[in-house]
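For reference, the structure is listed below as structure tokens.
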Amino acid sequence: MSAFSELIQGPTPVLVDFFATWCGPCKMMSPILDQVKNKVGDQVKIVKVDVDKNPAIAQQLQVRGVPTLVLFRQGSLLWRQSGVVSEQQLMQTLETHGALAK
């Protein structure tokens with residue numbers, strides 16, 4: 001848990017994908033996250049958290065469904081959405097919240 005807290009406290013925005021291995025929509029999210037990672041490079045850290053292996057983190061953030069995406073910067077929750085999000089939506093969200101350099 002402390003490693004997660006340290007990760008989201010950093011100056012680099014962190015996009016967390018809460019997923020489960022048995023979840024179909026989560027599997028759909030994986031290639032989308034890969035595409036976003038290829039576009040944003042080191043500007044945003046993308047982290048996957050398995051809710052079955054890390055129930056305390058999921059519970060603390062009240063993750064009720066998977067996939068749930070959460071964007072943090074310096075420990076602050078900037079954005080959150082459950083369900084599959086398109087690459088275009090994710091890129092727009094990252095830009096809107098200032099996670100990407102102009």
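Starting from 1 in every chain, residues are counted up; chains themselves are A, B, ... following the order of the structure tokens, and ligands are numbered from 1 as listed.
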
For this session: May I have the residues within 12 Å of A:Ser82 as a ChimeraX atom specification, using only C-alpha atoms and disregarding those fewer than 4 positions away in the same chain?
Result: /A:16-19,25-26,29,62-71,86

Those same residues - C-alpha atoms - I'd like them written as a PDB file, in the first residue's frame.
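Written file, result.pdb:
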ATOM      1  CA  VAL A  16      -4.172   3.612 -12.677  1.00  0.00           C
ATOM      2  CA  ASP A  17      -6.129   0.830 -14.370  1.00  0.00           C
ATOM      3  CA  PHE A  18      -7.992  -1.224 -11.779  1.00  0.00           C
ATOM      4  CA  PHE A  19      -8.703  -4.559 -13.462  1.00  0.00           C
ATOM      5  CA  PRO A  25     -13.883  -5.371 -20.734  1.00  0.00           C
ATOM      6  CA  CYS A  26     -10.560  -5.188 -18.836  1.00  0.00           C
ATOM      7  CA  MET A  29      -8.746  -1.929 -22.178  1.00  0.00           C
ATOM      8  CA  GLN A  62     -14.041   2.565  -3.506  1.00  0.00           C
ATOM      9  CA  VAL A  63     -13.540   0.734  -6.786  1.00  0.00           C
ATOM     10  CA  ARG A  64     -16.821  -1.112  -7.256  1.00  0.00           C
ATOM     11  CA  GLY A  65     -16.478  -2.265 -10.862  1.00  0.00           C
ATOM     12  CA  VAL A  66     -13.702  -3.081 -13.276  1.00  0.00           C
ATOM     13  CA  PRO A  67     -12.169  -1.687 -15.319  1.00  0.00           C
ATOM     14  CA  THR A  68     -11.940   1.576 -13.393  1.00  0.00           C
ATOM     15  CA  LEU A  69      -9.398   4.160 -14.510  1.00  0.00           C
ATOM     16  CA  VAL A  70      -8.140   6.768 -12.055  1.00  0.00           C
ATOM     17  CA  LEU A  71      -5.783   9.654 -12.810  1.00  0.00           C
ATOM     18  CA  SER A  86     -11.434   4.787 -25.932  1.00  0.00           C
TER      19      SER A  86
END

For this session: Might you pull out every residue within 9 Å of A:Leu90, with only C-alpha atoms counted and same-chain residues fewer than 6 positions away left off, and present them as a ChimeraX atom specification?
Result: /A:32-33,36

Problem set entry | Residues of stretch 41-83 of chain A in helix (DSSP H, G or I), written as a list in words |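 Filtering stretch 41-83 of chain A down to helix (DSSP H, G or I) leaves Gly41, Asp42, Gln43, Pro55, Ala56, Ile57, Ala58, Gln59 and Gln60 of chain A.
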
Go ahead and write the residues just picked, N, CA and C atoms, as a PDB file, in the first residue's frame.
ATOM      1  N   GLY A  41       4.481   8.363 -23.751  1.00  0.00           N
ATOM      2  CA  GLY A  41       5.836   8.073 -23.285  1.00  0.00           C
ATOM      3  C   GLY A  41       5.964   8.204 -21.779  1.00  0.00           C
ATOM      4  N   ASP A  42       6.956   8.988 -21.342  1.00  0.00           N
ATOM      5  CA  ASP A  42       7.237   9.138 -19.910  1.00  0.00           C
ATOM      6  C   ASP A  42       6.440  10.261 -19.250  1.00  0.00           C
ATOM      7  N   GLN A  43       5.577  10.942 -20.008  1.00  0.00           N
ATOM      8  CA  GLN A  43       4.815  12.053 -19.429  1.00  0.00           C
ATOM      9  C   GLN A  43       3.789  11.577 -18.403  1.00  0.00           C
ATOM     10  N   PRO A  55      -6.863  -5.951  -2.863  1.00  0.00           N
ATOM     11  CA  PRO A  55      -8.200  -5.505  -2.447  1.00  0.00           C
ATOM     12  C   PRO A  55      -8.181  -4.260  -1.559  1.00  0.00           C
ATOM     13  N   ALA A  56      -7.120  -4.067  -0.785  1.00  0.00           N
ATOM     14  CA  ALA A  56      -7.073  -2.911   0.126  1.00  0.00           C
ATOM     15  C   ALA A  56      -7.043  -1.598  -0.659  1.00  0.00           C
ATOM     16  N   ILE A  57      -6.247  -1.555  -1.720  1.00  0.00           N
ATOM     17  CA  ILE A  57      -6.169  -0.333  -2.529  1.00  0.00           C
ATOM     18  C   ILE A  57      -7.511  -0.077  -3.208  1.00  0.00           C
ATOM     19  N   ALA A  58      -8.076  -1.122  -3.790  1.00  0.00           N
ATOM     20  CA  ALA A  58      -9.373  -0.987  -4.466  1.00  0.00           C
ATOM     21  C   ALA A  58     -10.447  -0.522  -3.485  1.00  0.00           C
ATOM     22  N   GLN A  59     -10.415  -1.079  -2.279  1.00  0.00           N
ATOM     23  CA  GLN A  59     -11.407  -0.711  -1.263  1.00  0.00           C
ATOM     24  C   GLN A  59     -11.218   0.740  -0.819  1.00  0.00           C
ATOM     25  N   GLN A  60      -9.977   1.139  -0.624  1.00  0.00           N
ATOM     26  CA  GLN A  60      -9.694   2.504  -0.184  1.00  0.00           C
ATOM     27  C   GLN A  60     -10.214   3.526  -1.205  1.00  0.00           C
TER      28      GLN A  60
END

For this session: Choose the residue, out of A:Trp79, A:Ile46, A:Arg73, A:Val84, that has the smallest atom-to-atom separation from A:Thr96; count only C-alpha atoms.
Result: A:Trp79

For this session: Work out how far atom CA of A:Val47 is from atom CA of A:Leu15, in Å to one decimal.
Result: 6.2 Å

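Between atom CA of A:Ile8 and atom CA of A:Gly83 there is a distance of 21.4 Å.
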
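Residues of chain A carrying a DSSP assignment of strand (DSSP E), computed from the backbone, are Val14, Leu15, Val16, Asp17, Phe18, Phe19, Lys45, Ile46, Val47, Lys48, Val49, Asp50, Thr68, Leu69, Val70, Leu71, Phe72, Arg73, Ser76, Leu77, Leu78, Trp79, Arg80, Gln81 and Ser82 of chain A.
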
For this session: For each of A:His97, A:Asn54, A:Val40, A:Met91, take the minimum atom-to-atom distance to A:Leu77, counting only C-alpha atoms, then give the residue where this is smallest.
Result: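 Of all the options, A:His97 lies closest to A:Leu77.
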
Seminar exercise, completed: Using only C-alpha atoms, the shortest atom-to-atom distance to A:Val51 among A:Trp22, A:Val14, A:Ala99, A:Gln74 belongs to A:Trp22

Exercise. Which distance in Å separates atom CA of A:Pro31 and atom CA of A:Gln81, to one decimal?
Worked result: 17.5 Å

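Using only C-alpha atoms, the nearest neighbour of A:Lys39 within the list A:Ser76, A:Thr21, A:Gln88, A:Ser5 is A:Gln88.
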